[in-house]
Amino acid sequence: MHILIVEDDEVARDSLARALREAGHSVDVASNGLDGLQMASTTGVDLAIVDRMLPKLDGLALVQSLRATGRKIPVLILSALGDVDDRITGLRAGGDDYLTKPYHMSELLARIDALARRGEGNTAETNTKLKLADLELDRMTRRVTRNGKKIELTAREFQLLEFMMRHSGQVVTRTMLLEGVWDYHFDPQTNVIDVHISRLRQAIDKDFDKPLLHTVRGAGYSLREDE
Amino acid sequence: MGPDQRILGVLDTSPFRIAIVYSIVFACAAAALLGAVDFAVSRVVDGSTDNLIEAEVQGLREQMLVLSRNDFIELIEQRSQDQDVRGAVYLMVDPQMRPVAGNVPAWPKEANQDNWFYFRVSVPYGDETREHEMRARPFPLYGGYRMLVGHDVQERQDVKSLMMRGLIAAVVLTLLMGLGGGFWMGRRILAQAGAISAVATQIMRGDLSQRLPVRKADDEINTLAREINTMLDKIEQLTLGMRTVLDSAAHDLRTPLNRLQATAEGAMPGLVPGSPERRVLERVTSEVDHMRSTLDALLRIALAETGTVAREPVDLSELVASVVELYAPASEERGIALSSSVAPGATVQGSRQLLAQAFANLLDNAIKFTPDGGHIRVLLRRSGSEPEVIVEDDGPGIPADKREIVLGRRVRLDEARKFPGSGLGLSLVAAVTKLHGAHLVLDDARPGLKVSLKF
């Protein structure tokens, strides 16, 4: 994937570029908003990571201009501001995701993966039936089966599983779960998400040979079929 | 607002109340004034009538002494005919009370000994007759004969009743005009106050750019509105200033932290897991995490305290239930019974994220401090229309003399040091509570801590 980084902080930009290249992406960098906007509009960029405060053209203005020209590439906004409302402002300006500094590289990579997948055609968003190996989830009837056997889930476990299945094969972080399933944007101090996941794991993996829900050390979780 | 409510609203306004009070006072004053005038007029007129009658009685008594009975009767008849009945009345009766002479058909039953009295006489007016009121005085003649002399006071009565009617009309008119004027003024004030409170609501929701509507007039309300607007300008400047300071502080702290994190993380892949260098870097990133969560909490507290947070209607019932649900597995893991009772339909104006974090902090704390196998109760109830959220645990609680202190920034009681946390949890709860105009009370749950947020 071709990723554009628009970031004025050199240290952050370089390490971000390196990490993305290591993850197998090709990377372009811009150090101010105007260059960033130009590159995002012309080159074959698949995804842009835009810092919110940039010289020459502010990050939010960049995203707005980009959207105004009809460019639909996914944009992740990085911010060093407060938060609470800044996040909403960022998303309203046309950003697809919002991450506050300092962030873990694993968090950023997971979010980029999710954004890239979302840009690929949105099949998971519109399908009423989600399927992974022998695990099936029907969003209409709210029925979950594995290997044809019905699995009883609470409403929240169902939402959690649905979110994981939409992102199957990707790493999903705790914050992504908290945002995507609960719509909360803060870090709980205790391991609340882990306990929810272990419940879900009990429900979908316990009686079956092949586990589907995996823990990714230092990053989060992943729902995938291990070969 | 329906028409009934609008009328009731006007009745509740201060101008309307003032108008009612003033119309009642004016009506009473008018009544008192006219009553006094009536009393004075009566005294003067009655007095002169009485003098007139007294003089005549005196004259007749003297005549009685010098005239024979027949001549006296003749005299009475003469006077009765001379006098129009509208001027004076005379009646002489024999000991059996049969009329002997005079222009009154019968001895009035109102007559009592020699006292002054009033009675009514039919007076011809062309073809019809009217009852006229007379003031009269009876007195004894010789040999059981009696006599009365009276004067027509109907005119005075007419004037009096005219005055009474005028008085009543004036009182009623004063009341009506007072009520009408009060109602009109009340509506005007209500319209102005309504416009002002609509704007004030928007301002309280965080839109500090709004200003109160000001008309050209220089009345009290407009002057007040103008002054409030000046105040709002200052508040907006201050808040914007605070916000700028916060933003740049956030930026200046987050940027180096981010560099630190990026550098440490960037160096890690090249190091053998478990090597001392790698462990140092892992330590660095975990400290960055810790600083970040403290910084987040401090910034959120500051944001809540400056009030520069967008507000929206928040379904409090849904929010409390969902936070409880978020923490349910974690508390179950510890063998803590987390029970909740959430009244439906409670909403507040505010920031969903901040409220969620406040409740999460309360549950975080409760789970942290409640011993395994303990109890946590979450209650959302609506006392009146205002919701109240209560979180109770049976942990060690907070001593009464330290409850105020823990709401301040970065206070961790000695007993709490063995638990992880930034020590900002309750401070954030306090700031968020204040932002939402709610009331935060820490209390003893016997045993344990009872936290109550009253909106």
# chains A, B, ... in the order shown; residues from 1 in each chain; ligands from 1
call {"tool": "select_by_dssp", "arguments": {"residues": "range 272-389 of chain B", "states": "alpha helix (DSSP H)", "output": "ChimeraX atom specification"}}
result
/B:276-306,316-333,352-369
call {"tool": "interface_residues", "arguments": {"of": "chain A", "to": "chain B", "cutoff": "10 Å", "atoms": "only C-alpha atoms", "output": "ChimeraX atom specification"}}
result
/A:9-16,18-19,53,79-86,88,100-106,156,178,182-199
call {"tool": "select_by_dssp", "arguments": {"residues": "range 21-129 of chain A", "states": "strand (DSSP E or B)", "output": "number ranges by chain"}}
result
A: 26-30, 47-51, 75-79, 97-100, 129
call {"tool": "write_last_selection", "arguments": {"atoms": "C-alpha atoms", "output": "short mmCIF file (atom, residue, chain, number, x, y, z; two decimals), in the first residue's frame"}}
result
data_model
loop_
_atom_site.label_atom_id
_atom_site.label_comp_id
_atom_site.auth_asym_id
_atom_site.auth_seq_id
_atom_site.Cartn_x
_atom_site.Cartn_y
_atom_site.Cartn_z
CA SER A 26 5.72 2.18 0.35
CA VAL A 27 5.93 5.61 1.92
CA ASP A 28 5.97 9.25 0.81
CA VAL A 29 6.59 12.04 3.26
CA ALA A 30 5.71 15.71 3.39
CA LEU A 47 -3.89 6.30 2.44
CA ALA A 48 -2.72 9.45 4.24
CA ILE A 49 -1.54 10.00 7.79
CA VAL A 50 -1.90 13.69 8.58
CA ASP A 51 -0.66 15.52 11.62
CA VAL A 75 -7.12 9.63 6.19
CA LEU A 76 -5.85 9.07 9.70
CA ILE A 77 -5.35 12.23 11.71
CA LEU A 78 -2.63 12.42 14.33
CA SER A 79 -3.12 14.99 17.03
CA ASP A 97 -9.75 7.87 12.16
CA TYR A 98 -8.10 9.90 14.85
CA LEU A 99 -5.14 9.04 17.03
CA THR A 100 -3.71 11.10 19.86
CA LYS A 129 -23.93 -12.66 7.03
#
call {"tool": "residues_around", "arguments": {"residues": "Ala106 in chain B", "least_positions_apart": "2", "cutoff": "10 Å", "atoms": "only C-alpha atoms", "output": "VMD selection string"}}
result
chain B and resid 91 to 93 97 to 100 102 to 104 108 to 109 121
call {"tool": "residues_around", "arguments": {"residues": "Gln349 in chain B", "least_positions_apart": "3", "cutoff": "7 Å", "atoms": "only C-alpha atoms", "output": "ChimeraX atom specification"}}
result
/B:311-314
call {"tool": "closest_residue", "arguments": {"among": "A:Gly218, A:Arg142, A:Leu109, A:Asp134", "to": "Glu22 in chain A", "atoms": "only C-alpha atoms"}}
result
A:Leu109
call {"tool": "atom_distance", "arguments": {"atom1": "CA of Glu404 in chain B", "atom2": "CA of Ser339 in chain B"}}
result
27.1 Å
call {"tool": "residues_around", "arguments": {"residues": "range 62-65 of chain A", "least_positions_apart": "5", "cutoff": "7 Å", "atoms": "only C-alpha atoms", "output": "list in words"}}
result
Gly33, Leu37, Leu57, Ala93, Gly94 and Gly95 of chain A
